[in-house]
Amino acid sequence: MKKVIQSVKGTRDFYPEQMAVRVWLYNMVREVAESFGYQEYEAPILESLELYAAKSGEELVKEQSYVFMDRGGSEITLRPELTPSLARMVAQKQNEVNFPVRWWSFGPFWRYERPQKGRTREFFQWNVDMLGVSSSEADAETAAVLATFFQRVGLTPQQVIIKVNNRRLIDDRFNALDISVEKRPAVSSWVDRRDKLSPESWTEYGRNIGLSPEQITKIKEMLADNDLWKQSAELTRFFAVVDALGLRQFFEFDASIMRGLLYYTGTVFEAWEVGGDIKRSILGGGRYDNLTRDVGGDPIPGVGFAMGDVVIGLILAKYDLLPKDLNINPAPVLVTVFNEDCLLESFKLASELRRAGLKVVCYPEAVKLPKQFKYADRIGAKVTLVLGPEEIEKGDVAVKNLMNGEQVSVPREMLIDTVRDMIGA
RNA sequence: GUGGAUGUAGCUCAAUGGCAGAGCAUCGCACUGUGGAUGCGAUGGUUGUGGGUUCGAGCCCCAUCAUCCACCCCA
């Protein structure tokens, strides 16, 4: 037995079955994004490492990015995320584009991590962003696109919830607690880990990063305060808007949502599965008001989110919301080849039907008819045509309806209508 | 980067240290101008790889590679 060369670790092969699911997901996100007037765009897959150096978060850039030297000696990155590219694209045309910009994208990304459940090295991401407006209404609308997507695919607030927080709100609290700016990333990741550790070891962790007992107590109080958001004008407005949009039930305030990326400045959000056996955020997003400046443009406020196809795929599979019976074979008509002498006649017939707008497969060699019928059945063809010596002599074509087994011989001039009738086209 | 589990036919999996098997898939026949269903039969293996222990290893030991799961981080 010869060994087939292995695929690259962390990549997925999209056989037609999987590709159909991916296209279905693409169609869902496109439909939802367009319903809010967002325009589709795409950025390069290759970017300079420099683009991410500023703000993406140290681990993402230094340890998780695919970086290589191209033949000209430039340091190139396979994009690990899209937002910096978007900021660059908007900054480059900051005087030409119409603000507010509403853009969306769905494409591949790469991160060099150990693959596991819900995580691959090559994945697809849906990105939705609005730039040029710094209002809470913009935050809420962007998040509403996401909630609408959940609705569209059949996910309910009992299954998925979008947890919302605000960096400025938390920063104010940290200021009040005298937590230095340098210490905040550590404090953030400590807060982020609250659900993963036992209360005791979580408290001990807090002491280890240099928090005083009073600070720890105050932060615990803060996290327990479900009404803390009312102290934030931005969040108050945010919740009012999602309420007006009829999507309030998908959102809840959670002071422990921090987000790892450094560029977020205001409202941030993450979606989680409520049932909780998928212990990772489904997606994340938030407001980033300095990113265009960080890539060299004028400061343009922005807000957006990214959803990976892998985790949402797990969620949709868990709740049995992935489409079944996706038709992966486009052609409902198969033309058989009776024998070598009839082969060209069959090819001509297939071509004739295609010119009439039908999708047609012609068997590519003169093998036994049972084999060709079996193939037609396997690919899900609805109609099979036979053009043998008898039919050619009479100027007929035998048309078999594979759904009910009935077969008729019809004159050539009636063929197209007969076939259309059978496949319901 | 750290820890755990698993590698046997194309696929899913069996096999007290004692003849390497089943189901599905494939191919053939029943059925030389017709698919699905059924029956009968056939093909298919250096048990991931390399060492070791043993009269004897798929099974035990060591190494290595791969995959999966968890941590880290994140979509």
# chains A, B, ... in the order shown; residues from 1 in each chain; ligands from 1
call {"tool": "interface_residues", "arguments": {"of": "chain A", "to": "chain B", "cutoff": "9 Å", "atoms": "only C-alpha atoms (C1' of nucleotides)", "output": "VMD selection string"}}
result
chain A and resid 1 59 to 60 64 113 116 to 119 123 to 125 260 280 to 284 306 to 312 338 369 to 378 386 388 400 402 405
call {"tool": "residues_around", "arguments": {"residues": "Asp225 (chain A)", "least_positions_apart": "3", "cutoff": "10 Å", "atoms": "only C-alpha atoms (C1' of nucleotides)", "output": "list in words"}}
result
Ile219, Lys220, Glu221, Met222, Leu228, Trp229, Phe253, Asp254 and Ala255 of chain A
call {"tool": "write_last_selection", "arguments": {"atoms": "C-alpha atoms", "output": "CSV table (one decimal), in the first residue's frame"}}
result
chain,number,residue,atom,x,y,z
A,219,ILE,CA,-12.8,43.9,41.6
A,220,LYS,CA,-14.8,40.9,42.8
A,221,GLU,CA,-17.6,43.3,43.8
A,222,MET,CA,-17.3,45.0,40.4
A,228,LEU,CA,-22.5,48.3,36.6
A,229,TRP,CA,-23.3,49.1,32.9
A,253,PHE,CA,-23.7,42.8,30.3
A,254,ASP,CA,-20.6,41.0,31.7
A,255,ALA,CA,-17.8,42.9,33.3
call {"tool": "atom_distance", "arguments": {"atom1": "CA of Lys183 (chain A)", "atom2": "CA of Pro199 (chain A)"}}
result
21.1 Å
call {"tool": "select_by_dssp", "arguments": {"residues": "region 40-263 of chain A", "states": "alpha helix (DSSP H)", "output": "JSON, numbers by chain"}}
result
{"A": [50, 51, 52, 53, 58, 59, 60, 61, 62, 83, 84, 85, 86, 87, 88, 89, 90, 91, 92, 136, 137, 138, 139, 140, 141, 142, 143, 144, 145, 146, 147, 148, 149, 150, 151, 152, 153, 167, 168, 169, 170, 171, 172, 173, 174, 175, 176, 184, 185, 186, 187, 188, 189, 190, 191, 192, 199, 200, 201, 202, 203, 204, 205, 206, 207, 208, 213, 214, 215, 216, 217, 218, 219, 220, 221, 222, 223, 224, 233, 234, 235, 236, 237, 238, 239, 240, 241, 242, 243, 244]}
call {"tool": "residues_around", "arguments": {"residues": "Ile328 (chain A)", "least_positions_apart": "4", "cutoff": "7 Å", "atoms": "only C-alpha atoms (C1' of nucleotides)", "output": "number ranges by chain"}}
result
A: 16-17, 20
call {"tool": "write_last_selection", "arguments": {"atoms": "N, CA and C atoms", "output": "PDB file, in the first residue's frame"}}
result
ATOM      1  N   PRO A  16     -16.509  18.234  -1.743  1.00  0.00           N
ATOM      2  CA  PRO A  16     -17.754  18.906  -2.137  1.00  0.00           C
ATOM      3  C   PRO A  16     -18.783  18.982  -1.007  1.00  0.00           C
ATOM      4  N   GLU A  17     -18.877  17.944  -0.177  1.00  0.00           N
ATOM      5  CA  GLU A  17     -19.839  17.970   0.927  1.00  0.00           C
ATOM      6  C   GLU A  17     -19.534  19.122   1.893  1.00  0.00           C
ATOM      7  N   ALA A  20     -19.981  22.612   0.288  1.00  0.00           N
ATOM      8  CA  ALA A  20     -21.384  23.035   0.217  1.00  0.00           C
ATOM      9  C   ALA A  20     -21.794  23.701   1.527  1.00  0.00           C
TER      10      ALA A  20
END
call {"tool": "closest_residue", "arguments": {"among": "A:Leu82, A:Ile216, A:Val160, A:Ile209", "to": "Arg184 (chain A)", "atoms": "only C-alpha atoms"}}
result
A:Ile209
